[in-house]
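Below is one structure; the comments refer to it alone.
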Amino acid sequence: MGYDVHITRRENWWDEEGQDISVAEWEAVVAADPGLGAVPLWWNVGRIVSKNPSDAVITRMREVAKALGARVQGDDGEYYDA
C-alpha cells in the first residue's frame with residue numbers, strides 16, 4: 001500500500017463531478033517536456049497520479065499542474081501549493 005498524490009482540476013481528486021485532464025492534454029505536456037518520461041507519473045481517470053512521490057517529484061507535479069491549470073492534492077485532501 002502507498003500514498004498517492006494527484007494532479008487534478010476537481011475540488012477534491014475523489015470528486016465524481018468536475019473537469020478532467022484529458023489523455024491528449026497529458027500527452028501534450030509530456031511531449032513538450034521529454035524529461036517527464038523519467039518521472040513516475042501516470043494518467044488515471046481524468047487526473048495524473050504518483051505513488052509515494054519524493055519532494056523532487058512533488059515539485060515537478062506542481063510545475064505540471066500549473067501548465068494544466070490544475071492543483072496537486074494528496075490522498076488525504078491536502079494541497080501541495082507552491
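We name chains A, B, ... following the order of the C-alpha cells; residues begin at 1 in each chain, and ligands are numbered from 1 as shown.
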Would you pick out the contacts of region 43-57 of chain A at 7 Å or less, using only C-alpha atoms, so that residues sharing its chain but fewer than 3 positions from it are not included, and give the list as number ranges by chain? A: 2-8, 20-23, 39-40, 60-61
Run DSSP on the backbone and give me the residues of chain A it puts in strand (DSSP E), as an NGL selection string. :A and (4-8 or 42-44 or 47-51 or 71-74)
Could you tell me which of A:Arg9, A:Glu17, A:Gly37, A:Asp81 comes closest to Leu68 (chain A) if we count only C-alpha atoms?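 Result for the nearest residue to Leu68 (chain A): A:Arg9.
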Write out as a list in words the residues lying within 10 Å of Asp33 (chain A), counting only C-alpha atoms and excluding same-chain residues fewer than 5 positions away.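 Residues meeting the cut-off are Glu27, Ala28 and Val64 of chain A.
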Selection export as a PDB file, in the first residue's frame, atoms kept: N, CA and C atoms:
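Output contents, as saved in again07.pdb:
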```
ATOM      1  N   GLU A  27      -0.600  13.940 -22.747  1.00  0.00           N
ATOM      2  CA  GLU A  27       0.394  13.595 -23.765  1.00  0.00           C
ATOM      3  C   GLU A  27       1.080  14.835 -24.319  1.00  0.00           C
ATOM      4  N   ALA A  28       0.345  15.940 -24.462  1.00  0.00           N
ATOM      5  CA  ALA A  28       0.938  17.186 -24.952  1.00  0.00           C
ATOM      6  C   ALA A  28       1.962  17.739 -23.961  1.00  0.00           C
ATOM      7  N   VAL A  64       3.775  20.716 -13.559  1.00  0.00           N
ATOM      8  CA  VAL A  64       2.818  20.123 -14.494  1.00  0.00           C
ATOM      9  C   VAL A  64       1.413  20.650 -14.207  1.00  0.00           C
TER      10      VAL A  64
END
```
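Here CA of Asn12 (chain A) is placed at a distance of 6.6 Å from CA of Gly77 (chain A).
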Between CA of Gln19 (chain A) and CA of Glu78 (chain A) lies a distance of 19.0 Å
For the atom pair CA of Ala67 (chain A) and CA of Val29 (chain A), what is the interatomic distance in Å to one decimal place?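 Interatomic distance here is 7.7 Å.
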Once DSSP has gone over the backbone, tell me which residues of chain A are in alpha helix (DSSP H), as a list in words.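 Restricting chain A to alpha helix (DSSP H) produces Val23, Ala24, Glu25, Trp26, Glu27, Ala28, Val29, Val30, Ala31, Ala32, Asp55, Ala56, Val57, Ile58, Thr59, Arg60, Met61, Arg62, Glu63, Val64, Ala65, Lys66, Ala67 and Leu68 of chain A.
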For the residues in that selection, give me N, CA and C atoms as a compact mmCIF listing (two decimals), in the first residue's frame.
```
# COMPACT_ATOMS: atom_id res chain seq x y z
N VAL A 23 -6.42 12.68 -21.75
CA VAL A 23 -5.21 11.97 -22.15
C VAL A 23 -4.42 12.83 -23.13
N ALA A 24 -5.13 13.48 -24.06
CA ALA A 24 -4.46 14.33 -25.05
C ALA A 24 -3.71 15.48 -24.37
N GLU A 25 -4.31 16.09 -23.35
CA GLU A 25 -3.62 17.17 -22.63
C GLU A 25 -2.37 16.63 -21.95
N TRP A 26 -2.48 15.48 -21.30
CA TRP A 26 -1.34 14.87 -20.62
C TRP A 26 -0.23 14.54 -21.63
N GLU A 27 -0.60 13.94 -22.75
CA GLU A 27 0.39 13.59 -23.76
C GLU A 27 1.08 14.84 -24.32
N ALA A 28 0.35 15.94 -24.46
CA ALA A 28 0.94 17.19 -24.95
C ALA A 28 1.96 17.74 -23.96
N VAL A 29 1.65 17.66 -22.67
CA VAL A 29 2.60 18.13 -21.64
C VAL A 29 3.86 17.28 -21.67
N VAL A 30 3.71 15.97 -21.79
CA VAL A 30 4.87 15.07 -21.84
C VAL A 30 5.69 15.32 -23.10
N ALA A 31 5.02 15.54 -24.23
CA ALA A 31 5.74 15.81 -25.49
C ALA A 31 6.53 17.11 -25.41
N ALA A 32 6.01 18.09 -24.69
CA ALA A 32 6.68 19.37 -24.55
C ALA A 32 7.85 19.31 -23.57
N ASP A 55 10.03 14.61 -2.66
CA ASP A 55 9.85 16.06 -2.73
C ASP A 55 10.16 16.57 -4.13
N ALA A 56 11.17 16.00 -4.79
CA ALA A 56 11.52 16.42 -6.14
C ALA A 56 10.39 16.12 -7.12
N VAL A 57 9.75 14.97 -6.97
CA VAL A 57 8.62 14.62 -7.85
C VAL A 57 7.44 15.55 -7.57
N ILE A 58 7.18 15.86 -6.32
CA ILE A 58 6.09 16.79 -6.00
C ILE A 58 6.37 18.17 -6.61
N THR A 59 7.62 18.59 -6.61
CA THR A 59 7.97 19.86 -7.26
C THR A 59 7.64 19.81 -8.75
N ARG A 60 7.99 18.70 -9.41
CA ARG A 60 7.65 18.54 -10.84
C ARG A 60 6.15 18.49 -11.03
N MET A 61 5.45 17.84 -10.11
CA MET A 61 3.99 17.77 -10.21
C MET A 61 3.38 19.17 -10.14
N ARG A 62 3.91 20.03 -9.30
CA ARG A 62 3.40 21.41 -9.22
C ARG A 62 3.62 22.13 -10.54
N GLU A 63 4.75 21.89 -11.19
CA GLU A 63 5.02 22.50 -12.50
C GLU A 63 4.01 22.01 -13.54
N VAL A 64 3.78 20.72 -13.56
CA VAL A 64 2.82 20.12 -14.49
C VAL A 64 1.41 20.65 -14.21
N ALA A 65 1.04 20.71 -12.94
CA ALA A 65 -0.28 21.22 -12.56
C ALA A 65 -0.47 22.64 -13.06
N LYS A 66 0.54 23.47 -12.91
CA LYS A 66 0.44 24.86 -13.37
C LYS A 66 0.19 24.89 -14.88
N ALA A 67 0.91 24.07 -15.63
CA ALA A 67 0.74 24.01 -17.09
C ALA A 67 -0.66 23.54 -17.48
N LEU A 68 -1.27 22.72 -16.63
CA LEU A 68 -2.60 22.16 -16.93
C LEU A 68 -3.74 22.93 -16.27
```
